[in-house]
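Since the structure comes first, as structure tokens, the remarks are kept for the end.
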Amino acid sequence: MTKNMNTRNTKVMNRFDVTSRLIARLKHEEAVIGGIGNTNFDLWAAGHRPQNFYMLGSMGLAFPIALGVALAQPDRRVFALEGDGSLLMQLGALSTIAALKPKNLIMIVMDNGIYQITGAQPTPAAGIADIVAIAAGSGLANSAWAADEEDFERLVEQGMSASAPSLIAVRIDDKPGVGTTRRDPVQIRERFMHGLGVREPL
Amino acid sequence: MAIAEQHSQATEASGDRSWHGIVLQTLKRNEISLVPYVPDRVLTPLIKNLHADPFFTTFATAREEEAVGIVSGAWMGGRRGAVLMQTSGFATLANVLASLAVPYQIPLIMFVSERGTLGEFNYGQSLVCRTMRPVLDSLALEHHTITRLDELEFIADRSIKQAVTTQAPVALILNPLLTGGKVFDK
């Protein structure tokens with residue numbers, strides 16, 4: 001965990017709780033992309049919505065996929081949920097997003113400093129690297145640690161009307177995901193497209 | 001100057017009937033407006049002209065799989081895209097092809113500038129090139145190696161339409177016979 005870093009005395013929160021708080025605030029059919037493993041398990045457990053997309057693999061691509069959705073539908077807010085280990089796989093994507101400046105994209109990083117799902121091994125960044133500092137250094141000025149649950153909800157609300165992409169980092173505990181996503185990729189993709197109004201059901 | 005390089009300059013000078021002019025027009029005709037890329041010397045005139053045309057949103061990504069994620073998300077959001085890369089970049093894609101594009105049935109359109117053959121001067125490039133078609137074949141992905149200017153439009157246009165209608169990825173490999181390739185110059 002990121003205990004030794006300057007994370008502004010952020011509270012250690014819980015992924016499922018934080019994800020549920022996000023979902024409860026969505027009133028305008030916002031898209032949500034869930035990164036692999038626990039991140040999308042908790043998104044699934046928070047209650048399936050047609051505007052949710054659940055990844056099966058492709059570790060690190062939650063933000064790029066969300067960027068694509070955001071570029072395709074600039075009038076819709078797009079959230080992406082990613083783990084710290086996943087983000088470390090694709091740090092270059094932060095600069096791409098900073099360069100394109102999609103104001104409708106809100107990135108959320110669930111940081112527990114471990115690869116929880118593979119046996120809780122620490123990531124190479126654990127206790128060393130500061131994700132918000134990395135994001136800010138990548139050009140995403142609108143990046144912040146959530147101090148606690150209320151602060152997280154406030155940052156989400158800010159992101160809803162921001163004029164630049166935002167990144168919210170959340171320190172979370174080492175608990176596994178609460179549910180298990182039904183792994184049916186074609187159905188996930190098709191329902192997501194229905195949810196985004198791209199297609200009508202057959 | 002190598003013959004292939006002269007050939008390359010000649011095709012660049014011939015306007016819309018150059019290989020890159022045909023690719024650009026074919027993308028436009030098929031309403032493909034989002035074109036992320038990891039650059040390649042051979043692709044330079046295409047990339048330059050995509051940037052110059054306001055129809056396209058084109059930009060560099062840090063890795064090829066990032067670009068695949070972007071166009072996959074865009075397609076699900078109703079906007080068509082294509083990814084430009086070099087052979088060595090394709091070699092980084094096995095995971096995202098097998099875990100995103102293929103199982104989710106996403107019509108991922110890839111243009112791959114082929115290095116590693118017909119005059120390659122870098123041993124690493126020639127080796128990585130040999131991994132490309134076995135990876136494509138192992139996933140039963142549609143792919144075409146384009147060698148002739150007079151076949152380019154037909155292959156590219158038909159392949160894009162097939163990818164979209166069958167919801168399956170396609171790789172269009174731009175061979176040095178078409179583009180001139182990259183040759184040893186120093």
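Labeling convention for the structure tokens: chains A, B, ... as they appear, residues from 1 per chain, ligands from 1 in order of appearance.
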
Subject >> strand (DSSP E) residues, from DSSP on the backbone, in chain B, as a ChimeraX atom specification >> reply: /B:32-37,57-60,80-81,83-86,109-113,142-146,170-174

Original post:
Quick one: which residues from chain B are at most 7 Å off chain A, using only C-alpha atoms, as a ChimeraX atom specification?
Top reply: /B:61-62,66,69-74,76-79,95-96,99-100,103-105

Let's have the selection written as a PDB file, in the first residue's frame, with N, CA and C atoms.
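Contents of again.pdb, as written:
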```pdb
ATOM      1  N   THR B  61      -0.160   7.418 -30.371  1.00  0.00           N
ATOM      2  CA  THR B  61      -0.310   6.794 -29.062  1.00  0.00           C
ATOM      3  C   THR B  61       1.062   6.258 -28.646  1.00  0.00           C
ATOM      4  N   ALA B  62       1.189   5.935 -27.341  1.00  0.00           N
ATOM      5  CA  ALA B  62       2.483   5.464 -26.842  1.00  0.00           C
ATOM      6  C   ALA B  62       2.742   4.011 -27.214  1.00  0.00           C
ATOM      7  N   GLU B  66      -2.676   0.405 -27.037  1.00  0.00           N
ATOM      8  CA  GLU B  66      -3.447   1.565 -26.588  1.00  0.00           C
ATOM      9  C   GLU B  66      -4.352   2.039 -27.736  1.00  0.00           C
ATOM     10  N   GLY B  69      -7.254  -0.256 -28.133  1.00  0.00           N
ATOM     11  CA  GLY B  69      -8.270   0.025 -27.123  1.00  0.00           C
ATOM     12  C   GLY B  69      -9.116   1.230 -27.502  1.00  0.00           C
ATOM     13  N   ILE B  70      -8.480   2.265 -28.003  1.00  0.00           N
ATOM     14  CA  ILE B  70      -9.185   3.501 -28.364  1.00  0.00           C
ATOM     15  C   ILE B  70     -10.185   3.256 -29.496  1.00  0.00           C
ATOM     16  N   VAL B  71      -9.750   2.613 -30.573  1.00  0.00           N
ATOM     17  CA  VAL B  71     -10.692   2.412 -31.683  1.00  0.00           C
ATOM     18  C   VAL B  71     -11.779   1.397 -31.316  1.00  0.00           C
ATOM     19  N   SER B  72     -11.470   0.474 -30.406  1.00  0.00           N
ATOM     20  CA  SER B  72     -12.500  -0.475 -29.955  1.00  0.00           C
ATOM     21  C   SER B  72     -13.587   0.265 -29.169  1.00  0.00           C
ATOM     22  N   GLY B  73     -13.172   1.145 -28.274  1.00  0.00           N
ATOM     23  CA  GLY B  73     -14.133   1.942 -27.525  1.00  0.00           C
ATOM     24  C   GLY B  73     -14.938   2.848 -28.446  1.00  0.00           C
ATOM     25  N   ALA B  74     -14.253   3.445 -29.400  1.00  0.00           N
ATOM     26  CA  ALA B  74     -14.932   4.352 -30.334  1.00  0.00           C
ATOM     27  C   ALA B  74     -15.972   3.602 -31.150  1.00  0.00           C
ATOM     28  N   MET B  76     -17.642   0.932 -30.326  1.00  0.00           N
ATOM     29  CA  MET B  76     -18.809   0.641 -29.477  1.00  0.00           C
ATOM     30  C   MET B  76     -19.636   1.905 -29.255  1.00  0.00           C
ATOM     31  N   GLY B  77     -18.980   3.075 -29.335  1.00  0.00           N
ATOM     32  CA  GLY B  77     -19.682   4.344 -29.187  1.00  0.00           C
ATOM     33  C   GLY B  77     -20.224   4.885 -30.506  1.00  0.00           C
ATOM     34  N   GLY B  78     -20.051   4.131 -31.585  1.00  0.00           N
ATOM     35  CA  GLY B  78     -20.649   4.514 -32.854  1.00  0.00           C
ATOM     36  C   GLY B  78     -19.740   5.264 -33.810  1.00  0.00           C
ATOM     37  N   ARG B  79     -18.445   5.277 -33.544  1.00  0.00           N
ATOM     38  CA  ARG B  79     -17.525   5.961 -34.443  1.00  0.00           C
ATOM     39  C   ARG B  79     -16.476   4.972 -34.946  1.00  0.00           C
ATOM     40  N   ASN B  95      -2.058 -10.183 -27.158  1.00  0.00           N
ATOM     41  CA  ASN B  95      -2.954 -10.202 -25.994  1.00  0.00           C
ATOM     42  C   ASN B  95      -4.248  -9.432 -26.245  1.00  0.00           C
ATOM     43  N   VAL B  96      -4.139  -8.244 -26.813  1.00  0.00           N
ATOM     44  CA  VAL B  96      -5.360  -7.436 -26.992  1.00  0.00           C
ATOM     45  C   VAL B  96      -6.231  -8.009 -28.119  1.00  0.00           C
ATOM     46  N   SER B  99      -7.992 -11.012 -26.379  1.00  0.00           N
ATOM     47  CA  SER B  99      -8.848 -10.748 -25.217  1.00  0.00           C
ATOM     48  C   SER B  99      -9.852  -9.620 -25.435  1.00  0.00           C
ATOM     49  N   LEU B 100      -9.691  -8.858 -26.504  1.00  0.00           N
ATOM     50  CA  LEU B 100     -10.644  -7.762 -26.751  1.00  0.00           C
ATOM     51  C   LEU B 100     -11.251  -7.860 -28.160  1.00  0.00           C
ATOM     52  N   PRO B 103     -12.804 -11.781 -29.102  1.00  0.00           N
ATOM     53  CA  PRO B 103     -13.944 -12.297 -28.335  1.00  0.00           C
ATOM     54  C   PRO B 103     -15.133 -11.333 -28.263  1.00  0.00           C
ATOM     55  N   TYR B 104     -14.885 -10.036 -28.311  1.00  0.00           N
ATOM     56  CA  TYR B 104     -15.992  -9.066 -28.260  1.00  0.00           C
ATOM     57  C   TYR B 104     -16.545  -8.764 -29.656  1.00  0.00           C
ATOM     58  N   GLN B 105     -15.967  -9.409 -30.673  1.00  0.00           N
ATOM     59  CA  GLN B 105     -16.398  -9.222 -32.073  1.00  0.00           C
ATOM     60  C   GLN B 105     -16.375  -7.748 -32.472  1.00  0.00           C
TER      61      GLN B 105
END
```

Original post:
Near Arg80 of chain B, counting only C-alpha atoms, which residues have an atom at most 7 Å away, once you skip same-chain residues fewer than 2 positions from it, shown as a list in words?
Top reply: Glu31, Ile32, Ser33, Leu34, Ala74, Trp75 and Gly78 of chain B

Let me see the file: selected residues, N, CA and C atoms, as a CSV table (one decimal), in the first residue's frame.
```
chain,number,residue,atom,x,y,z
B,31,GLU,N,-16.2,6.1,-44.0
B,31,GLU,CA,-16.5,6.8,-42.7
B,31,GLU,C,-15.6,6.5,-41.6
B,32,ILE,N,-14.4,6.2,-41.8
B,32,ILE,CA,-13.4,5.9,-40.7
B,32,ILE,C,-12.7,7.2,-40.4
B,33,SER,N,-13.0,7.8,-39.3
B,33,SER,CA,-12.5,9.2,-39.1
B,33,SER,C,-11.5,9.2,-37.9
B,34,LEU,N,-11.4,8.2,-37.1
B,34,LEU,CA,-10.5,8.2,-36.0
B,34,LEU,C,-9.3,7.3,-36.3
B,74,ALA,N,-14.3,3.4,-29.4
B,74,ALA,CA,-14.9,4.4,-30.3
B,74,ALA,C,-16.0,3.6,-31.2
B,75,TRP,N,-15.6,2.4,-31.6
B,75,TRP,CA,-16.6,1.6,-32.4
B,75,TRP,C,-17.8,1.3,-31.6
B,78,GLY,N,-20.1,4.1,-31.6
B,78,GLY,CA,-20.6,4.5,-32.9
B,78,GLY,C,-19.7,5.3,-33.8
```

For Pro45 of chain B, work out the shell of residues within 10 Å, counting only C-alpha atoms and skipping chain neighbours fewer than 6 positions away, then give it as an mmCIF file with N, CA and C atoms, in the first residue's frame.
```cif
data_model
loop_
_atom_site.group_PDB
_atom_site.id
_atom_site.type_symbol
_atom_site.label_atom_id
_atom_site.label_comp_id
_atom_site.auth_asym_id
_atom_site.auth_seq_id
_atom_site.Cartn_x
_atom_site.Cartn_y
_atom_site.Cartn_z
ATOM 1 N N GLU B 12 4.798 9.064 -54.162
ATOM 2 C CA GLU B 12 4.407 10.200 -53.340
ATOM 3 C C GLU B 12 4.034 11.410 -54.185
ATOM 4 N N SER B 18 -1.348 7.775 -55.395
ATOM 5 C CA SER B 18 -0.291 7.179 -54.598
ATOM 6 C C SER B 18 -0.934 6.170 -53.645
ATOM 7 N N TRP B 19 -0.146 5.263 -53.109
ATOM 8 C CA TRP B 19 -0.720 4.276 -52.179
ATOM 9 C C TRP B 19 -1.374 4.976 -50.988
ATOM 10 N N HIS B 20 -0.700 6.030 -50.481
ATOM 11 C CA HIS B 20 -1.244 6.680 -49.287
ATOM 12 C C HIS B 20 -2.464 7.516 -49.615
ATOM 13 N N GLY B 21 -2.517 8.055 -50.837
ATOM 14 C CA GLY B 21 -3.718 8.781 -51.261
ATOM 15 C C GLY B 21 -4.913 7.842 -51.351
ATOM 16 N N HIS B 51 -3.330 14.205 -40.873
ATOM 17 C CA HIS B 51 -3.324 15.375 -39.993
ATOM 18 C C HIS B 51 -3.831 16.619 -40.730
#
```

To test your reading of the structure, identify every residue in segment 14-129 of chain B that backbone DSSP assigns to helix (DSSP H, G or I), and report it as a short mmCIF file (atom, residue, chain, number, x, y, z; two decimals) with N, CA and C atoms, in the first residue's frame.
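Once everything was written out, this is out.cif:
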```cif
data_model
loop_
_atom_site.label_atom_id
_atom_site.label_comp_id
_atom_site.auth_asym_id
_atom_site.auth_seq_id
_atom_site.Cartn_x
_atom_site.Cartn_y
_atom_site.Cartn_z
N GLY B 15 0.21 12.27 -56.39
CA GLY B 15 -1.07 12.74 -55.86
C GLY B 15 -1.97 11.62 -55.39
N ASP B 16 -3.25 11.71 -55.74
CA ASP B 16 -4.26 10.82 -55.20
C ASP B 16 -4.06 9.35 -55.55
N ARG B 17 -3.38 9.07 -56.62
CA ARG B 17 -3.19 7.67 -56.99
C ARG B 17 -1.97 7.06 -56.32
N TRP B 19 -0.15 5.26 -53.11
CA TRP B 19 -0.72 4.28 -52.18
C TRP B 19 -1.37 4.98 -50.99
N HIS B 20 -0.70 6.03 -50.48
CA HIS B 20 -1.24 6.68 -49.29
C HIS B 20 -2.46 7.52 -49.62
N GLY B 21 -2.52 8.06 -50.84
CA GLY B 21 -3.72 8.78 -51.26
C GLY B 21 -4.91 7.84 -51.35
N ILE B 22 -4.67 6.66 -51.87
CA ILE B 22 -5.75 5.66 -51.99
C ILE B 22 -6.22 5.22 -50.60
N VAL B 23 -5.27 4.99 -49.70
CA VAL B 23 -5.66 4.57 -48.34
C VAL B 23 -6.50 5.66 -47.68
N LEU B 24 -6.07 6.91 -47.79
CA LEU B 24 -6.81 8.02 -47.18
C LEU B 24 -8.22 8.12 -47.75
N GLN B 25 -8.35 8.05 -49.06
CA GLN B 25 -9.68 8.16 -49.67
C GLN B 25 -10.56 6.98 -49.29
N THR B 26 -9.96 5.79 -49.18
CA THR B 26 -10.73 4.60 -48.81
C THR B 26 -11.22 4.69 -47.37
N LEU B 27 -10.39 5.21 -46.49
CA LEU B 27 -10.83 5.42 -45.11
C LEU B 27 -12.01 6.38 -45.07
N LYS B 28 -11.88 7.46 -45.82
CA LYS B 28 -12.92 8.49 -45.82
C LYS B 28 -14.22 7.96 -46.38
N ARG B 29 -14.13 7.25 -47.47
CA ARG B 29 -15.33 6.70 -48.11
C ARG B 29 -16.07 5.75 -47.16
N THR B 44 4.80 7.85 -43.10
CA THR B 44 4.89 9.29 -42.89
C THR B 44 4.00 10.13 -43.81
N PRO B 45 4.01 9.89 -45.14
CA PRO B 45 3.13 10.73 -45.98
C PRO B 45 1.65 10.53 -45.67
N LEU B 46 1.25 9.30 -45.34
CA LEU B 46 -0.16 9.05 -44.98
C LEU B 46 -0.51 9.79 -43.69
N ILE B 47 0.35 9.67 -42.69
CA ILE B 47 0.10 10.33 -41.40
C ILE B 47 0.02 11.84 -41.59
N LYS B 48 0.93 12.38 -42.39
CA LYS B 48 0.95 13.83 -42.64
C LYS B 48 -0.36 14.29 -43.29
N ASN B 49 -0.81 13.54 -44.28
CA ASN B 49 -2.03 13.93 -44.98
C ASN B 49 -3.29 13.73 -44.12
N LEU B 50 -3.27 12.73 -43.24
CA LEU B 50 -4.40 12.55 -42.31
C LEU B 50 -4.50 13.74 -41.36
N HIS B 51 -3.33 14.20 -40.87
CA HIS B 51 -3.32 15.37 -39.99
C HIS B 51 -3.83 16.62 -40.73
N ALA B 52 -3.54 16.70 -42.01
CA ALA B 52 -3.91 17.90 -42.77
C ALA B 52 -5.39 17.93 -43.14
N GLU B 64 0.88 0.43 -29.47
CA GLU B 64 -0.13 0.01 -30.44
C GLU B 64 -1.39 -0.53 -29.76
N GLU B 65 -1.22 -1.24 -28.63
CA GLU B 65 -2.41 -1.81 -27.98
C GLU B 65 -3.30 -0.70 -27.40
N GLU B 66 -2.68 0.41 -27.04
CA GLU B 66 -3.45 1.56 -26.59
C GLU B 66 -4.35 2.04 -27.74
N ALA B 67 -3.79 2.12 -28.93
CA ALA B 67 -4.56 2.54 -30.10
C ALA B 67 -5.69 1.55 -30.39
N VAL B 68 -5.44 0.26 -30.20
CA VAL B 68 -6.49 -0.75 -30.40
C VAL B 68 -7.61 -0.54 -29.39
N GLY B 69 -7.25 -0.26 -28.13
CA GLY B 69 -8.27 0.03 -27.12
C GLY B 69 -9.12 1.23 -27.50
N ILE B 70 -8.48 2.27 -28.00
CA ILE B 70 -9.18 3.50 -28.36
C ILE B 70 -10.19 3.26 -29.50
N VAL B 71 -9.75 2.61 -30.57
CA VAL B 71 -10.69 2.41 -31.68
C VAL B 71 -11.78 1.40 -31.32
N SER B 72 -11.47 0.47 -30.41
CA SER B 72 -12.50 -0.48 -29.95
C SER B 72 -13.59 0.27 -29.17
N GLY B 73 -13.17 1.15 -28.27
CA GLY B 73 -14.13 1.94 -27.52
C GLY B 73 -14.94 2.85 -28.45
N ALA B 74 -14.25 3.44 -29.40
CA ALA B 74 -14.93 4.35 -30.33
C ALA B 74 -15.97 3.60 -31.15
N TRP B 75 -15.63 2.41 -31.60
CA TRP B 75 -16.60 1.65 -32.40
C TRP B 75 -17.84 1.32 -31.58
N MET B 76 -17.64 0.93 -30.33
CA MET B 76 -18.81 0.64 -29.48
C MET B 76 -19.64 1.90 -29.25
N THR B 87 5.38 -3.40 -38.45
CA THR B 87 5.44 -4.83 -38.12
C THR B 87 5.77 -5.09 -36.65
N SER B 88 6.80 -4.42 -36.13
CA SER B 88 7.22 -4.67 -34.75
C SER B 88 6.13 -4.25 -33.77
N GLY B 89 5.33 -3.27 -34.16
CA GLY B 89 4.20 -2.86 -33.32
C GLY B 89 3.12 -3.92 -33.30
N PHE B 90 2.88 -4.54 -34.45
CA PHE B 90 1.88 -5.61 -34.46
C PHE B 90 2.27 -6.71 -33.49
N ALA B 94 -0.76 -9.46 -29.58
CA ALA B 94 -1.41 -10.77 -29.45
C ALA B 94 -2.43 -10.77 -28.29
N ASN B 95 -2.06 -10.18 -27.16
CA ASN B 95 -2.95 -10.20 -25.99
C ASN B 95 -4.25 -9.43 -26.25
N VAL B 96 -4.14 -8.24 -26.81
CA VAL B 96 -5.36 -7.44 -26.99
C VAL B 96 -6.23 -8.01 -28.12
N LEU B 97 -5.63 -8.62 -29.11
CA LEU B 97 -6.43 -9.27 -30.15
C LEU B 97 -7.23 -10.42 -29.55
N ALA B 98 -6.55 -11.24 -28.73
CA ALA B 98 -7.17 -12.45 -28.19
C ALA B 98 -8.13 -12.16 -27.04
N SER B 99 -7.99 -11.01 -26.38
CA SER B 99 -8.85 -10.75 -25.22
C SER B 99 -9.85 -9.62 -25.43
N LEU B 100 -9.69 -8.86 -26.50
CA LEU B 100 -10.64 -7.76 -26.75
C LEU B 100 -11.25 -7.86 -28.16
N ALA B 101 -10.44 -7.66 -29.18
CA ALA B 101 -10.99 -7.53 -30.53
C ALA B 101 -11.74 -8.79 -30.98
N TYR B 123 18.40 -7.08 -38.41
CA TYR B 123 18.09 -8.49 -38.17
C TYR B 123 16.87 -8.65 -37.25
N GLY B 124 16.77 -7.79 -36.23
CA GLY B 124 15.63 -7.86 -35.31
C GLY B 124 14.31 -7.66 -36.03
N GLN B 125 14.29 -6.72 -36.99
CA GLN B 125 13.06 -6.49 -37.77
C GLN B 125 12.70 -7.70 -38.61
N SER B 126 13.71 -8.34 -39.20
CA SER B 126 13.40 -9.48 -40.06
C SER B 126 12.89 -10.65 -39.23
N LEU B 127 13.36 -10.78 -38.01
CA LEU B 127 12.86 -11.86 -37.14
C LEU B 127 11.44 -11.59 -36.66
N VAL B 128 11.18 -10.35 -36.22
CA VAL B 128 9.85 -10.06 -35.67
C VAL B 128 8.80 -10.15 -36.76
N CYS B 129 9.18 -9.84 -37.99
CA CYS B 129 8.25 -9.94 -39.13
C CYS B 129 7.73 -11.37 -39.28
#
```

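If you count only C-alpha atoms and ignore residues fewer than 5 places along the chain from segment 120-122 of chain B, what sits within 8 Å of it is Arg115, Lys182, Val183 and Phe184 of chain B.
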
Keeping only C-alpha atoms, write those residues as a PDB file, in the first residue's frame.
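Below is the file that was written, out05.pdb:
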```pdb
ATOM      1  CA  ARG B 115       9.317  -4.248 -42.373  1.00  0.00           C
ATOM      2  CA  LYS B 182      12.487   1.390 -45.800  1.00  0.00           C
ATOM      3  CA  VAL B 183      15.982   0.792 -47.165  1.00  0.00           C
ATOM      4  CA  PHE B 184      19.473   1.039 -45.731  1.00  0.00           C
TER       5      PHE B 184
END
```

Subject >> Among listed residues A:Leu167, A:Leu81, A:Arg25, A:Glu30, nearest Ser138 of chain A (using only C-alpha atoms) >> reply: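 The shortest atom-to-atom distance to Ser138 of chain A comes from A:Leu167.
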
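Taking atom CA of Met89 of chain A and atom CA of Gly139 of chain A as endpoints, the distance between them is 17.9 Å.
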
**OP:** Might you pull out every residue within 6 Å of Ile168 of chain A, with only C-alpha atoms counted and same-chain residues fewer than 3 positions away left off, and present them as JSON, numbers by chain?
**Re:** {"A": [108, 143, 144, 145]}

What's around Met13 of chain A at 8 Å? Count only C-alpha atoms, leave out sequence neighbours fewer than 6 positions away in its own chain, and write the answer as a short mmCIF file (atom, residue, chain, number, x, y, z; two decimals) with N, CA and C atoms, in the first residue's frame.
```
data_model
loop_
_atom_site.label_atom_id
_atom_site.label_comp_id
_atom_site.auth_asym_id
_atom_site.auth_seq_id
_atom_site.Cartn_x
_atom_site.Cartn_y
_atom_site.Cartn_z
N ASP A 148 -11.49 11.10 1.36
CA ASP A 148 -12.41 10.13 1.97
C ASP A 148 -13.60 9.97 1.03
N GLU A 149 -14.62 9.24 1.47
CA GLU A 149 -15.75 8.95 0.59
C GLU A 149 -16.48 10.22 0.14
N VAL A 170 -7.97 6.77 -5.55
CA VAL A 170 -8.60 6.36 -4.30
C VAL A 170 -7.72 5.29 -3.66
N ARG A 171 -7.30 5.51 -2.44
CA ARG A 171 -6.60 4.45 -1.71
C ARG A 171 -7.62 3.46 -1.22
N ILE A 172 -7.43 2.20 -1.56
CA ILE A 172 -8.41 1.18 -1.15
C ILE A 172 -7.72 0.08 -0.35
N ASP A 173 -8.56 -0.71 0.30
CA ASP A 173 -8.05 -1.82 1.11
C ASP A 173 -7.70 -3.02 0.21
#
```

Original post:
How many Å lie between atom CA of Pro107 of chain B and atom CA of Val170 of chain B, rounded to one decimal?
Top reply: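 Between atom CA of Pro107 of chain B and atom CA of Val170 of chain B the gap works out to 7.3 Å.
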
**OP:** Between atom CA of Ala163 of chain B and atom CA of Ala140 of chain B, measure the distance and give it in Å to one decimal.
**Re:** 13.3 Å

Original post:
Which residue, A:Ile36, A:Pro50, A:Ala169, A:Tyr115, has the smallest gap to Ala133 of chain A when you use only C-alpha atoms?
Top reply: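 Checking each candidate against Ala133 of chain A, we get A:Ala169 as the closest.
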